[in-house]
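**Q** File model_28.tsv follows (TSV, C-alpha atoms and all ligand atoms):
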chain	number	residue	atom	x	y	z
A	24	MET	CA	3.99	-58.98	21.08
A	25	GLU	CA	5.64	-61.22	23.66
A	26	VAL	CA	2.18	-62.40	24.75
A	27	CYS	CA	1.45	-63.48	21.19
A	28	LYS	CA	4.63	-65.47	20.94
A	29	HIS	CA	3.82	-67.21	24.19
A	30	LEU	CA	0.29	-67.99	23.02
A	31	TYR	CA	1.55	-69.18	19.67
A	32	GLN	CA	4.06	-71.54	21.25
A	33	PHE	CA	1.39	-72.80	23.61
A	34	PHE	CA	-1.00	-73.37	20.71
A	35	MET	CA	1.64	-75.27	18.74
A	36	THR	CA	2.27	-77.43	21.81
A	37	ILE	CA	-1.36	-78.39	22.31
A	38	LEU	CA	-1.70	-79.05	18.59
A	39	THR	CA	0.47	-82.09	19.10
A	40	PHE	CA	-2.24	-83.58	21.32
A	41	PRO	CA	-5.59	-84.50	19.75
A	42	THR	CA	-7.52	-83.21	22.72
A	43	PHE	CA	-10.43	-81.06	21.66
A	44	ALA	CA	-11.66	-81.10	25.23
A	45	LEU	CA	-8.54	-79.26	26.24
A	46	LEU	CA	-9.32	-76.49	23.77
A	47	GLN	CA	-12.82	-76.20	25.16
A	48	ALA	CA	-11.44	-75.95	28.63
A	49	LEU	CA	-9.35	-72.97	27.62
A	50	GLY	CA	-12.41	-70.84	27.05
A	51	ARG	CA	-13.60	-68.89	24.08
A	52	ASN	CA	-11.87	-65.56	24.77
A	53	TYR	CA	-8.52	-67.19	25.06
A	54	ILE	CA	-8.98	-68.87	21.68
A	55	ILE	CA	-10.09	-65.66	19.96
A	56	LEU	CA	-7.10	-63.80	21.32
A	57	LEU	CA	-4.96	-66.69	20.16
A	58	LEU	CA	-6.34	-66.54	16.62
A	59	LEU	CA	-5.77	-62.79	16.47
A	60	CYS	CA	-2.21	-63.36	17.54
A	61	LEU	CA	-1.72	-66.12	15.00
A	62	ASN	CA	-2.86	-63.74	12.32
A	63	PHE	CA	-0.32	-61.18	13.40
A	64	ILE	CA	2.60	-63.57	13.74
A	65	ASN	CA	1.92	-65.38	10.49
A	66	ALA	CA	1.25	-62.30	8.34
A	67	THR	CA	4.75	-62.09	6.85
A	68	PRO	CA	5.39	-65.82	6.31
A	69	ALA	CA	1.93	-66.09	4.72
A	70	ILE	CA	2.80	-63.35	2.23
A	71	ALA	CA	6.11	-65.01	1.47
A	72	ALA	CA	4.42	-68.39	0.99
A	73	ASN	CA	1.92	-66.92	-1.47
A	74	LEU	CA	4.70	-65.14	-3.30
A	75	SER	CA	6.80	-68.23	-3.69
A	76	SER	CA	3.94	-70.28	-5.09
A	77	ASP	CA	2.54	-67.85	-7.67
A	78	LEU	CA	4.26	-64.52	-8.09
A	79	LEU	CA	7.76	-65.85	-8.31
A	80	LYS	CA	6.83	-67.74	-11.44
A	81	GLN	CA	6.00	-64.58	-13.36
A	82	PRO	CA	8.83	-63.15	-15.45
A	83	ALA	CA	10.51	-60.15	-13.83
A	84	THR	CA	10.15	-56.75	-15.47
A	85	GLU	CA	13.64	-55.34	-15.94
A	86	ILE	CA	14.41	-51.75	-15.01
A	87	THR	CA	17.91	-50.32	-15.12
A	88	VAL	CA	19.07	-47.45	-12.94
A	89	SER	CA	22.45	-45.87	-13.35
A	90	LEU	CA	24.20	-44.53	-10.24
A	91	GLY	CA	26.11	-41.57	-11.57
A	92	ASN	CA	27.40	-41.61	-15.14
A	93	ALA	CA	30.61	-41.63	-17.15
A	94	ALA	CA	30.89	-37.85	-16.74
A	95	ASN	CA	30.77	-38.32	-12.94
A	96	GLU	CA	27.60	-36.31	-12.58
A	97	LEU	CA	26.00	-36.86	-9.20
A	98	LYS	CA	22.58	-38.18	-10.11
A	99	PHE	CA	20.46	-41.27	-10.58
A	100	GLU	CA	19.38	-42.00	-14.14
A	101	PRO	CA	16.43	-42.20	-14.18
A	102	ASN	CA	15.63	-40.49	-10.89
A	103	HIS	CA	11.95	-41.42	-10.88
A	104	LEU	CA	10.92	-45.07	-10.66
A	105	GLU	CA	7.45	-46.56	-10.73
A	106	PHE	CA	6.40	-50.04	-9.69
A	107	LEU	CA	3.13	-51.89	-9.39
A	108	ALA	CA	2.39	-53.75	-6.18
A	109	GLY	CA	2.27	-57.50	-6.64
A	110	LYS	CA	4.45	-57.60	-9.77
A	111	ARG	CA	7.92	-59.04	-9.91
A	112	TYR	CA	10.83	-56.79	-10.86
A	113	ASN	CA	14.50	-57.06	-11.57
A	114	LEU	CA	16.05	-53.72	-10.74
A	115	ARG	CA	19.45	-53.61	-12.42
A	116	LEU	CA	21.82	-51.14	-10.80
A	117	THR	CA	24.95	-50.02	-12.57
A	118	ASN	CA	27.72	-47.60	-11.66
A	119	PRO	CA	29.47	-46.35	-14.82
A	120	SER	CA	31.24	-43.55	-12.93
A	121	GLN	CA	34.65	-43.39	-11.27
A	122	LEU	CA	33.06	-42.77	-7.88
A	123	LYS	CA	31.48	-45.02	-5.28
A	124	HIS	CA	27.72	-44.61	-4.89
A	125	TYR	CA	24.89	-45.88	-2.72
A	126	PHE	CA	21.35	-46.82	-3.58
A	127	THR	CA	19.64	-45.98	-0.29
A	128	ALA	CA	15.86	-46.22	-0.02
A	129	LYS	CA	15.05	-47.68	3.38
A	130	ASP	CA	11.31	-46.99	3.47
A	131	PHE	CA	10.96	-48.37	-0.04
A	132	ALA	CA	12.89	-51.47	1.02
A	133	ASP	CA	10.46	-51.92	3.93
A	134	GLY	CA	7.57	-51.85	1.46
A	135	ILE	CA	8.83	-54.65	-0.79
A	136	TRP	CA	9.57	-58.33	-0.50
A	137	THR	CA	13.12	-59.04	-1.64
A	138	GLN	CA	13.63	-62.35	-3.39
A	139	LYS	CA	17.36	-61.85	-3.88
A	140	VAL	CA	20.13	-59.44	-4.68
A	141	GLU	CA	22.69	-60.73	-7.14
A	142	ALA	CA	26.12	-59.18	-7.56
A	143	GLY	CA	28.86	-61.01	-9.40
A	144	LYS	CA	28.64	-64.66	-8.41
A	145	VAL	CA	27.03	-63.89	-5.06
A	146	GLU	CA	23.33	-64.09	-4.33
A	147	ILE	CA	22.05	-62.47	-1.17
A	148	LYS	CA	18.69	-63.49	0.26
A	149	GLY	CA	16.60	-61.64	2.79
A	150	ALA	CA	15.90	-58.01	3.61
A	151	ILE	CA	18.13	-55.42	1.98
A	152	HIS	CA	17.97	-51.70	2.75
A	153	GLU	CA	20.95	-50.21	1.02
A	154	LEU	CA	23.40	-51.17	-1.70
A	155	GLU	CA	26.89	-49.80	-2.23
A	156	LEU	CA	28.26	-49.91	-5.77
A	157	LYS	CA	31.92	-49.37	-6.40
A	158	PRO	CA	33.03	-47.87	-9.75
A	159	GLY	CA	32.05	-50.21	-12.58
A	160	ALA	CA	29.91	-52.43	-10.32
A	161	GLU	CA	26.58	-53.98	-11.22
A	162	ALA	CA	23.88	-55.58	-9.10
A	163	GLU	CA	20.44	-57.03	-9.66
A	164	TRP	CA	17.71	-56.62	-7.07
A	165	VAL	CA	14.79	-58.98	-7.62
A	166	PHE	CA	11.72	-58.10	-5.58
A	167	VAL	CA	7.95	-57.80	-5.40
A	168	PRO	CA	6.56	-54.42	-4.24
A	169	LEU	CA	3.91	-54.81	-1.54
A	170	LYS	CA	3.08	-51.46	0.03
A	171	SER	CA	1.94	-48.54	-2.12
A	172	GLY	CA	3.46	-45.15	-1.43
A	173	THR	CA	6.01	-42.57	-2.53
A	174	TYR	CA	9.50	-43.20	-1.22
A	175	GLY	CA	12.74	-41.26	-1.23
A	176	LEU	CA	15.96	-42.48	-2.82
A	177	ARG	CA	19.37	-40.98	-2.20
A	178	CYS	CA	23.08	-41.53	-2.20
A	179	PRO	CA	24.27	-40.65	1.34
A	180	ILE	CA	27.95	-40.23	0.45
A	181	ALA	CA	29.13	-36.82	1.69
A	182	GLY	CA	28.05	-34.14	-0.76
A	183	HIS	CA	26.18	-36.44	-3.14
A	184	THR	CA	22.66	-35.97	-1.75
A	185	GLU	CA	23.28	-32.23	-1.59
A	186	ALA	CA	24.47	-32.21	-5.21
A	187	GLY	CA	21.19	-33.75	-6.31
A	188	MET	CA	21.85	-37.46	-6.12
A	189	ILE	CA	18.29	-38.12	-5.05
A	190	GLY	CA	15.26	-39.75	-6.56
A	191	GLU	CA	11.70	-40.81	-6.02
A	192	ILE	CA	10.21	-44.30	-6.08
A	193	VAL	CA	6.46	-44.82	-6.40
A	194	ILE	CA	4.67	-48.08	-5.67
A	195	SER	CA	1.07	-48.05	-6.79
A	196	ASN	CA	-1.70	-50.63	-6.63
A	201	CU	CU	26.82	-41.03	-4.82
Can you present the structure in this file as structure tokens?
**A**
Amino acid sequence: MEVCKHLYQFFMTILTFPTFALLQALGRNYIILLLLCLNFINATPAIAANLSSDLLKQPATEITVSLGNAANELKFEPNHLEFLAGKRYNLRLTNPSQLKHYFTAKDFADGIWTQKVEAGKVEIKGAIHELELKPGAEAEWVFVPLKSGTYGLRCPIAGHTEAGMIGEIVISN
């Protein structure tokens, strides 16, 4: 979408001049293409802006998922998670086992808007695709699901997926 970026920059430049005549001179097709591009470029920031104004004020529904357990069984508990698009969640991840585990759900992560991930005294903002939890670790993933679908969850540590450390995450409308 290099063309779009160029058009967008151009549009922002001419916005600084109050010259309607200039816009007219550009021709109708150019403007329509420009508006289509603006739509595309601004889609994600627009969603984020809406989220920050309304959705982020709603209390987060807490859901806890355990990566492994005290008996060192290789599984997620629970291994089936359900979320509603447009709601705010606090997914609490714990690792009560003596092994390191991952919470890996890349397609799911692409279908949500992450507000933050909190672990200890650190808060991480921005897109997250995978979390590694050392024995005894805890993390909180605060997000708003956006895209409905059924997504896979797994722990990619050698042997863990094969042993059944997998799960399913459903986002519905
Ligand atoms: Cu694991």
**Q** So, counting all atoms listed in the file, which residue among A:Leu154, A:Leu116, A:Cys178, A:Leu169 is closest to ligand CU 201 (chain A)?
**A**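 For ligand CU 201 (chain A), the nearest of the candidates is A:Cys178.
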**Q** Give me, please, the distance in Å between CA of Ile180 (chain A) and CA of Ala128 (chain A), quoted to one decimal.
**A** 13.5 Å
**Q** Could you work out how far CA of Lys139 (chain A) lies from CA of Val167 (chain A), giving the answer in Å with one decimal?
**A** 10.4 Å
**Q** For CA of Phe106 (chain A) and CA of Gln121 (chain A), determine how far apart the two atoms are, in Å to one decimal place.
**A** 29.1 Å
**Q** Between A:Ser89, A:Asn113, A:Thr184, A:Ser195, which has the minimum distance to ligand CU 201 (chain A) (counting only C-alpha atoms and all ligand atoms)?
**A**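 So, comparing all the options, the nearest one is A:Thr184.
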**Q** Report as a PyMOL selection string which protein, DNA and RNA residues come within 8 Å of ligand CU 201 (chain A), using only C-alpha atoms and all ligand atoms.
**A** chain A and resi 90-91+97-98+122-125+177-180+183-184+188
**Q** Looking at A:Ala181, A:Ile192, A:Leu156, A:Leu104, which one is nearest to Ser120 (chain A), with distances taken over only C-alpha atoms?
**A**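 Closest to Ser120 (chain A), using only C-alpha atoms: A:Leu156.
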**Q** Nearest residue to Glu155 (chain A) out of A:Asn95, A:Thr117, A:Thr137, A:Thr173, using all atoms listed in the file?
**A**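 Closest candidate: A:Thr117.
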**Q** With distances taken over only C-alpha atoms, which residue among A:Asn118, A:Ala83, A:Ile135, A:Glu163 lies nearest Glu96 (chain A)?
**A**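 Closest to Glu96 (chain A) of all the choices is A:Asn118.
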**Q** For Gly187 (chain A), which of A:Phe99, A:Phe126, A:Pro168, A:Asp77 is the closest residue, counting all atoms listed in the file?
**A**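 The closest residue to Gly187 (chain A) is A:Phe99.
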**Q** Any idea what's packed within 12 Å of Val140 (chain A), counting only C-alpha atoms, ignoring anything in its chain fewer than 4 positions away? Could you give it as a PyMOL selection string?
**A** chain A and resi 112-116+136+144-154+161-166
